[in-house]
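Source file: work-v3.cif (mmCIF, C-alpha atoms)
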data_entry
loop_
_atom_site.label_atom_id
_atom_site.label_comp_id
_atom_site.auth_asym_id
_atom_site.auth_seq_id
_atom_site.Cartn_x
_atom_site.Cartn_y
_atom_site.Cartn_z
CA MET A 603 0.00 0.00 0.00
CA ARG A 604 2.11 2.85 -1.33
CA ALA A 605 0.04 5.63 0.18
CA LEU A 606 0.36 4.22 3.67
CA ALA A 607 4.11 3.75 3.26
CA CYS A 608 4.34 7.40 2.25
CA LEU A 609 2.51 8.46 5.39
CA GLN A 610 4.68 6.15 7.50
CA ALA A 611 7.79 7.86 6.09
CA LEU A 612 6.40 11.27 6.98
CA VAL A 613 5.68 10.21 10.52
CA GLU A 614 9.10 8.68 10.99
CA LYS A 615 10.66 11.86 9.64
CA GLY A 616 8.87 13.62 12.46
CA GLY A 617 10.65 11.43 15.01
CA PHE A 618 7.58 9.55 16.15
CA ASN A 619 7.98 5.84 16.78
CA PRO A 620 4.68 4.10 17.47
CA GLU A 621 6.51 0.96 18.63
CA GLN A 622 8.09 2.79 21.58
CA PRO A 623 7.27 0.94 24.85
CA ARG A 624 4.63 2.35 27.19
CA VAL A 625 4.08 2.31 30.93
CA PRO A 626 1.70 -0.53 31.89
CA ALA A 627 -1.85 0.29 32.93
CA GLY A 628 -2.54 0.61 36.65
CA SER A 629 -0.11 3.41 37.41
CA PRO A 630 -0.86 7.13 37.12
CA GLU A 631 1.33 7.29 34.03
CA GLY A 632 -0.14 4.12 32.56
CA GLY A 633 -0.24 4.14 28.78
CA GLN A 634 2.38 6.86 28.42
CA TRP A 635 5.40 6.24 26.30
CA THR A 636 8.55 5.42 28.21
CA ASN A 637 12.27 5.38 27.48
CA GLY A 638 12.27 1.72 28.46
CA GLU A 639 13.92 2.39 31.83
CA GLY A 640 10.82 1.97 33.91
CA GLY A 641 9.24 5.39 34.07
CA GLY A 642 6.87 7.52 32.05
CA GLN A 643 8.08 10.76 30.60
CA SER A 644 7.82 13.60 33.04
CA ARG A 645 6.47 16.62 31.26
CA GLN A 646 3.39 18.74 31.20
CA PRO A 647 0.75 17.30 28.89
CA GLY A 648 -0.34 19.63 26.15
CA ILE A 649 -3.43 19.89 24.01
CA GLY A 650 -4.19 16.56 22.40
CA ASP A 651 -1.54 14.90 24.55
CA ASN A 652 -1.54 11.13 24.74
CA GLY A 653 1.70 10.80 26.62
CA GLY A 654 3.79 10.43 23.50
CA PRO A 655 7.05 12.17 22.66
CA THR A 656 7.09 15.93 22.80
CA LEU A 657 5.41 17.37 19.74
CA ASP A 658 4.87 20.84 18.50
CA PRO A 659 1.61 22.37 19.70
CA PRO A 660 -1.25 22.15 17.23
CA LYS A 661 -1.45 24.91 14.69
CA ASP A 662 -5.07 25.47 15.54
CA PRO A 663 -5.39 26.00 19.29
CA SER A 664 -9.16 26.00 19.03
CA ALA A 665 -9.15 22.35 18.03
CA ASP A 666 -9.90 20.24 21.10
CA ARG A 667 -9.00 16.58 21.55
CA SER A 668 -12.32 15.24 20.31
CA SER A 669 -12.05 17.36 17.15
CA LYS A 670 -8.59 16.01 16.55
CA ILE A 671 -9.67 12.41 16.97
CA LYS A 672 -12.62 13.07 14.69
CA ALA A 673 -10.27 14.46 12.05
CA ALA A 674 -7.87 11.55 12.52
CA LYS A 675 -10.69 9.04 12.08
CA ALA A 676 -11.82 10.78 8.91
CA LEU A 677 -8.26 10.55 7.65
CA ALA A 678 -8.03 6.85 8.54
CA LYS A 679 -11.23 6.20 6.62
CA ALA A 680 -10.07 8.24 3.64
CA ILE A 681 -6.83 6.24 3.43
CA ALA A 682 -8.76 2.97 3.70
CA ARG A 683 -11.08 4.05 0.93
CA GLN A 684 -8.19 5.09 -1.30
CA ALA A 685 -6.59 1.71 -0.75
CA LEU A 686 -9.86 -0.07 -1.47
CA ARG A 687 -10.25 1.76 -4.73
CA ARG A 688 -6.56 1.53 -5.59
CA ALA A 689 -6.91 5.20 -6.37
CA GLY A 690 -3.23 6.01 -6.56
CA PRO A 691 -1.53 8.94 -4.84
CA ILE A 692 -3.20 10.55 -1.86
CA GLY A 693 -1.55 13.92 -2.15
CA ALA A 694 -4.30 15.76 -0.29
CA VAL A 695 -4.09 13.36 2.61
CA VAL A 696 -0.33 13.65 2.83
CA THR A 697 -0.62 17.42 2.74
CA ALA A 698 -3.09 17.22 5.59
CA ILE A 699 -0.64 15.18 7.65
CA GLU A 700 2.18 17.62 6.93
CA ALA A 701 0.05 20.62 7.79
CA ALA A 702 -1.45 19.14 10.92
CA HIS A 703 1.48 18.03 13.00
CA TRP A 704 -0.76 17.11 15.91
CA LEU A 705 -2.16 14.20 13.91
CA TYR A 706 1.11 12.38 14.54
CA THR A 707 -0.17 11.38 17.96
CA GLU A 708 -3.04 9.57 16.28
CA TRP A 709 -0.80 7.89 13.76
CA PRO A 710 -0.80 4.41 15.40
CA SER A 711 -4.60 4.41 15.30
CA ILE A 712 -4.72 5.68 11.72
CA ARG A 713 -2.29 2.94 10.72
CA SER A 714 -4.03 0.13 12.60
CA TYR A 715 -7.32 1.10 10.96
CA GLN A 716 -5.82 -0.12 7.69
CA ASP A 717 -5.35 -3.69 8.99
CA ALA A 718 -6.89 -6.48 6.97
CA PRO A 719 -9.28 -8.74 8.88
CA LYS A 720 -7.47 -11.34 10.99
CA SER A 721 -8.24 -14.80 12.30
CA PHE A 722 -9.63 -15.14 15.80
CA SER A 723 -6.40 -16.66 17.08
CA GLU A 724 -4.36 -13.81 15.62
CA LEU A 725 -6.56 -11.26 17.38
CA GLN A 726 -6.40 -13.27 20.61
CA GLU A 727 -2.61 -13.61 20.55
CA GLN A 728 -2.12 -9.85 20.66
CA ALA A 729 -4.52 -9.22 23.56
CA GLY A 730 -2.95 -7.71 26.66
CA LYS A 731 0.09 -6.40 24.78
CA LYS A 732 -1.05 -2.77 24.88
CA ARG A 733 0.12 -2.03 21.38
CA PRO A 734 -0.18 1.61 20.32
CA GLY A 735 -3.20 2.05 18.09
CA TYR A 736 -4.95 -1.05 19.39
CA ASP A 737 -7.38 -1.74 22.23
CA ASP A 738 -8.30 -4.91 24.03
CA HIS A 739 -11.92 -5.55 23.14
CA HIS A 740 -14.29 -7.69 25.17
CA ILE A 741 -16.53 -9.60 22.75
CA VAL A 742 -19.14 -9.98 25.48
CA GLU A 743 -19.09 -6.45 26.86
CA GLN A 744 -17.62 -5.79 30.28
CA GLY A 745 -20.87 -4.17 31.41
CA ALA A 746 -22.61 -7.53 30.97
CA GLU A 747 -20.91 -8.72 34.15
CA SER A 748 -23.18 -6.57 36.30
CA ARG A 749 -26.16 -6.49 33.94
CA GLU A 750 -26.39 -10.19 33.19
CA GLY A 751 -24.43 -11.55 36.11
CA PHE A 752 -21.79 -13.24 33.96
CA PRO A 753 -18.75 -14.32 36.01
CA ARG A 754 -15.79 -11.96 35.81
CA ALA A 755 -13.63 -14.94 34.90
CA HIS A 756 -15.70 -15.40 31.73
CA ILE A 757 -15.63 -11.70 30.87
CA ASP A 758 -11.86 -11.55 31.29
CA GLY A 759 -11.26 -15.02 29.87
CA ALA A 760 -8.91 -15.50 26.95
CA GLY A 761 -11.78 -16.51 24.69
CA ASN A 762 -13.51 -13.18 25.22
CA ILE A 763 -10.69 -10.69 24.69
CA VAL A 764 -9.16 -9.74 21.38
CA SER A 765 -6.82 -6.95 20.35
CA ILE A 766 -8.41 -4.79 17.66
CA PRO A 767 -7.65 -1.46 15.94
CA ARG A 768 -8.67 1.40 18.23
CA TYR A 769 -10.97 3.19 15.80
CA LYS A 770 -12.69 -0.10 14.93
CA HIS A 771 -13.18 -0.57 18.66
CA HIS A 772 -14.86 2.84 18.82
CA GLU A 773 -17.09 1.97 15.86
CA ILE A 774 -18.21 -1.35 17.30
CA THR A 775 -18.82 0.15 20.74
CA GLY A 776 -20.83 2.92 19.08
CA TRP A 777 -22.87 0.37 17.16
CA TYR A 778 -23.74 -1.43 20.41
CA ALA A 779 -25.13 1.81 21.82
CA THR A 780 -27.16 3.08 18.87
CA ARG A 781 -30.80 2.18 18.42
CA ASN A 782 -32.07 0.40 15.36
CA ALA A 783 -35.24 -1.24 14.14
CA GLU A 784 -33.93 -4.75 13.84
CA PHE A 785 -33.41 -4.97 17.60
CA GLY A 786 -36.95 -3.84 18.30
CA ASN A 787 -35.96 -0.16 18.20
CA LEU A 788 -33.50 -0.80 21.00
CA SER A 789 -29.74 -0.59 20.89
CA PRO A 790 -28.07 -4.02 20.60
CA ARG A 791 -26.77 -3.50 24.14
CA ASP A 792 -30.27 -2.97 25.51
CA TYR A 793 -31.64 -5.81 23.42
CA LEU A 794 -29.05 -8.20 24.85
CA ARG A 795 -29.90 -7.24 28.42
CA GLY A 796 -30.91 -10.36 30.32
CA ARG A 797 -29.95 -12.74 27.50
CA GLY A 798 -27.51 -15.63 27.68
CA TRP A 799 -23.77 -15.77 27.11
CA GLY A 800 -24.18 -17.59 23.80
CA GLU A 801 -26.32 -14.87 22.26
CA HIS A 802 -23.98 -12.13 23.48
CA MET A 803 -21.05 -14.01 21.97
CA GLU A 804 -22.83 -14.67 18.67
CA VAL A 805 -23.69 -10.98 18.18
CA GLY A 806 -20.24 -9.88 19.34
CA ARG A 807 -18.36 -12.16 16.97
CA ASP A 808 -20.52 -11.22 14.03
CA ALA A 809 -19.99 -7.53 14.77
CA LEU A 810 -16.25 -8.20 14.55
CA ARG A 811 -16.78 -9.80 11.15
CA ARG A 812 -19.06 -7.11 9.76
CA PHE A 813 -16.72 -4.34 10.86
CA LYS A 814 -13.90 -6.18 9.04
CA VAL A 815 -11.82 -6.98 12.09
CA LEU A 816 -12.35 -10.75 12.11
CA LYS A 817 -11.98 -12.93 9.00
CA MET B 157 -42.25 17.38 15.93
CA THR B 158 -45.66 16.04 16.86
CA PRO B 159 -47.51 13.42 14.77
CA SER B 160 -50.16 16.02 13.85
CA LYS B 161 -47.45 18.37 12.58
CA LEU B 162 -45.96 15.54 10.50
CA LYS B 163 -49.39 14.89 9.01
CA SER B 164 -49.51 18.46 7.76
CA LEU B 165 -46.30 18.02 5.74
CA THR B 166 -46.14 16.77 2.17
CA SER B 167 -44.28 13.56 1.47
CA ALA B 168 -41.52 15.57 -0.19
CA GLU B 169 -41.18 17.69 2.95
CA LEU B 170 -41.04 14.57 5.09
CA LYS B 171 -38.31 13.20 2.84
CA GLN B 172 -36.32 16.42 3.29
CA LEU B 173 -36.74 16.23 7.05
CA PHE B 174 -35.70 12.57 7.00
CA GLU B 175 -32.58 13.43 5.03
CA ASN B 176 -31.62 16.25 7.39
CA LEU B 177 -32.07 14.06 10.45
CA CYS B 178 -29.96 11.26 8.96
CA ILE B 179 -27.17 13.71 8.17
CA ALA B 180 -27.32 14.96 11.75
CA GLN B 181 -27.09 11.34 12.90
CA TYR B 182 -24.01 10.83 10.72
CA ASP B 183 -22.36 13.86 12.31
CA ALA B 184 -23.33 12.65 15.76
CA LEU B 185 -21.70 9.27 15.11
CA GLU B 186 -18.54 10.92 13.81
CA GLY B 187 -18.32 12.87 17.04
CA ASN B 188 -19.19 9.83 19.17
CA GLU B 189 -22.33 11.64 20.38
CA ILE B 190 -24.46 8.57 20.84
CA ALA B 191 -27.23 10.27 22.83
CA SER B 192 -27.62 12.82 20.06
CA PHE B 193 -27.87 10.00 17.49
CA ASN B 194 -30.48 8.15 19.53
CA ARG B 195 -32.60 11.25 20.09
CA ARG B 196 -33.05 11.55 16.35
CA PHE B 197 -33.95 7.89 16.02
CA ASP B 198 -37.50 8.43 17.30
CA ARG B 199 -38.01 11.42 15.00
CA ILE B 200 -36.92 9.40 11.99
CA LEU B 201 -39.16 6.53 13.03
CA ALA B 202 -42.10 8.93 13.31
CA ILE B 203 -41.46 10.14 9.75
CA GLU B 204 -41.29 6.57 8.46
CA ASN B 205 -44.55 5.71 10.22
CA GLU B 206 -46.25 8.78 8.80
CA LEU B 207 -45.10 7.92 5.26
CA LYS B 208 -46.15 4.29 5.77
CA SER B 209 -49.65 5.39 6.77
CA ARG B 210 -50.18 7.29 3.53
CA PRO B 211 -51.92 5.64 0.56
CA GLY B 212 -49.62 3.22 -1.27
CA ASP B 213 -47.01 3.31 1.52
CA GLN B 214 -45.10 6.48 0.74
CA ARG B 215 -41.88 5.20 2.33
CA ARG B 216 -41.10 4.41 -1.29
CA ILE B 217 -40.20 8.08 -1.78
CA LEU B 218 -37.15 7.46 0.42
CA MET B 219 -35.75 5.15 -2.27
CA THR B 220 -34.80 8.30 -4.16
CA LEU B 221 -32.18 8.72 -1.43
CA PHE B 222 -30.40 5.51 -2.48
CA GLY B 223 -26.90 6.45 -3.60
CA HIS B 224 -26.99 9.64 -1.52
CA PRO B 225 -23.52 11.05 -0.79
CA ASN B 226 -24.12 10.69 2.95
CA MET B 227 -23.77 7.06 4.01
CA GLN B 228 -26.14 7.34 6.99
CA VAL B 229 -28.89 8.67 4.70
CA ARG B 230 -28.38 5.69 2.38
CA LEU B 231 -28.38 3.20 5.24
CA THR B 232 -31.53 4.55 6.89
CA ALA B 233 -33.40 4.89 3.60
CA ALA B 234 -32.51 1.31 2.67
CA ARG B 235 -33.71 -0.05 5.99
CA ALA B 236 -36.92 1.96 5.74
CA ASN B 237 -37.69 0.27 2.43
CA LEU B 238 -37.03 -3.36 3.32
CA ALA B 239 -40.76 -3.95 3.72
CA VAL B 240 -41.61 -1.92 0.62
CA ASP B 241 -39.15 -3.24 -1.97
CA TYR B 242 -37.03 -5.92 -0.37
CA ILE B 243 -34.85 -6.63 -3.38
CA ALA B 244 -33.95 -2.99 -4.04
CA ALA B 245 -33.40 -2.21 -0.34
CA ARG B 246 -31.21 -5.26 0.11
CA ARG B 247 -29.19 -4.34 -2.94
CA GLU B 248 -28.59 -0.89 -1.45
CA LEU B 249 -27.51 -2.41 1.87
CA GLN B 250 -25.07 -4.67 0.04
CA ALA B 251 -23.73 -1.67 -1.88
CA ILE B 252 -23.09 0.10 1.45
CA VAL B 253 -21.23 -2.97 2.73
CA ASP B 254 -19.14 -3.02 -0.43
CA GLU B 255 -18.25 0.67 -0.05
CA GLN B 256 -16.51 -0.25 3.26
CA TRP B 257 -17.18 3.18 4.74
CA PHE B 258 -17.55 2.49 8.43
CA PRO B 259 -19.44 2.40 10.73
CA GLN B 260 -22.32 2.38 8.22
CA ALA B 261 -20.80 -0.53 6.26
CA GLY B 262 -20.63 -2.59 9.45
CA ASP B 263 -24.13 -1.58 10.45
CA ALA B 264 -25.50 -2.54 7.02
CA GLY B 265 -23.68 -5.86 7.27
CA MET B 266 -25.31 -6.54 10.62
CA THR B 267 -28.73 -5.81 9.10
CA LEU B 268 -28.10 -8.30 6.29
CA TRP B 269 -26.97 -10.88 8.82
CA ASN B 270 -30.10 -10.32 10.91
CA LEU B 271 -32.27 -10.70 7.81
CA ASP B 272 -30.47 -13.85 6.67
CA ARG B 273 -30.73 -15.59 10.02
CA GLY B 274 -34.43 -14.77 10.19
CA PHE B 275 -33.98 -12.59 13.26
CA TYR B 276 -35.38 -9.44 11.68
CA HIS B 277 -38.68 -9.26 9.84
CA PRO B 278 -39.17 -5.72 8.55
CA THR B 279 -42.71 -4.36 8.59
#
So, in terms of structure tokens, how does the structure I just supplied come out?
Amino acid sequence: MRALACLQALVEKGGFNPEQPRVPAGSPEGGQWTNGEGGGQSRQPGIGDNGGPTLDPPKDPSADRSSKIKAAKALAKAIARQALRRAGPIGAVVTAIEAAHWLYTEWPSIRSYQDAPKSFSELQEQAGKKRPGYDDHHIVEQGAESREGFPRAHIDGAGNIVSIPRYKHHEITGWYATRNAEFGNLSPRDYLRGRGWGEHMEVGRDALRRFKVLK
Amino acid sequence: MTPSKLKSLTSAELKQLFENLCIAQYDALEGNEIASFNRRFDRILAIENELKSRPGDQRRILMTLFGHPNMQVRLTAARANLAVDYIAARRELQAIVDEQWFPQAGDAGMTLWNLDRGFYHPT
């Protein structure tokens, strides 16, 4: 995918390495990038900060974090569409990246959005690794523990957690919360309330397929 | 908008309102504003019900929104027509899946799955 390689080169030119290790979750600096010597970087977080290496401030100070993520998601989708259509150079997209330095912090998520669907075992193998641009996704939602009384051990079991691209995670979570006619005008989450583990799992796995995360 | 107000609108006006609400839903999804999306769901449903109640089931007018540049408009119009023209609505849903513009492509895929497994019977 030439376009993506071009973007990757731009990001690397900017000194951003998405593979840099991060502080494990559970500490106040959890998720922040580290120098690999055990501590998170000590600095004041800026606008749009995700704990990554020091970056220039955004050109547009009025842009808040949610606006930036929205713009980054639009970019991720545009790249995916260009790749799908084999539409050649993505000059406008590259220009956007160059002009909007702050998007670098979203680069791992933009890149992971381009992943081809993977097998279930591939998604499972990466769970718990806290890779930049990816989230651990519970196929049967974590909230089902209290709602449906599923045991925590099942919710956190290896068969229920997969590592998926962050923006795909947002899309699937959003789908679970939005109402639609086929679930009796309820959201899938509300529809599943009180139903068994098997039905939760069936819907969850198919959502992964339909959102092109799972083969 | 109350049901009596909807009754006073022409089908073309209802279609315009439907389109505007779907675009607002698209924007809400892009901004992860789920409550905003869901608030518009009932308004869209009310429009569909009003069109359905008109002679000849006027939901058909929403088929003119197939191929709309906004993917949420396409998706909602296709779903609204599953009971009116199943073949055409299903074709539109499949086209949305093939476009791979998410989350609408995923949502359309879930609708097809729910139809195929006999879980969803549009009315």
task: Identify all chain B residues at most 10 Å from chain A by counting only C-alpha atoms; ligands do not count. Present them as an MDAnalysis selection string.
output: chainID B and resid 185:198 201 232 235:236 253:271 275:279
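One finds atom CA of A:Ser748 at 16.6 Å from atom CA of A:Pro790.
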Shortest interatomic distance to A:Ala678 - which of A:Arg768, A:Lys732, A:Leu725, A:Gly759, counting all atoms listed in the file: A:Arg768
Report as JSON lines the residues of stretch 188-235 of chain B within 8 Å of stretch 158-168 of chain B, each with its shortest atom pair and distance in Å (one decimal), using all atoms listed in the file, ordered by chain and increasing residue number.
{"residue": "B:Ala202", "atom": "CA", "partner": "B:Pro159", "partner_atom": "CA", "distance": 7.2}
{"residue": "B:Ile203", "atom": "CA", "partner": "B:Leu162", "partner_atom": "CA", "distance": 7.1}
{"residue": "B:Glu206", "atom": "CA", "partner": "B:Lys163", "partner_atom": "CA", "distance": 6.9}
{"residue": "B:Leu207", "atom": "CA", "partner": "B:Ser167", "partner_atom": "CA", "distance": 6.8}
{"residue": "B:Gln214", "atom": "CA", "partner": "B:Ser167", "partner_atom": "CA", "distance": 7.2}
{"residue": "B:Ile217", "atom": "CA", "partner": "B:Ser167", "partner_atom": "CA", "distance": 7.6}
query: What residues have an atom no more than 10 Å from (-8.1, -12.8, 25.1) in the file's own frame, counting only C-alpha atoms, and can you write them as a count of residues only?
result: 21
message: I'd like the interatomic distance between atom CA of B:Leu221 and atom CA of B:Asn205, to a tenth of an Å.
response: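 For atom CA of B:Leu221 relative to atom CA of B:Asn205, the distance reads 17.3 Å.
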message: Using the chain letters and numbers from this file, what does the PyMOL selection byres ((chain A and resi 799) around 10) select? Give the answer as a PyMOL selection string.
response: chain A and resi 742+746+750-752+756-757+794+796-798+800-804
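Neighbourhood of point (-37.5, 13.7, 0.9): residues with an atom at most 10 Å away, counting only C-alpha atoms, are Thr166, Ser167, Ala168, Glu169, Leu170, Lys171, Gln172, Leu173, Phe174, Glu175, Asn176, Arg215, Ile217, Leu218, Met219, Thr220 and Leu221 of chain B.
Here atom CA of A:Ala685 stands at a distance of 13.2 Å from atom CA of A:Ile712.
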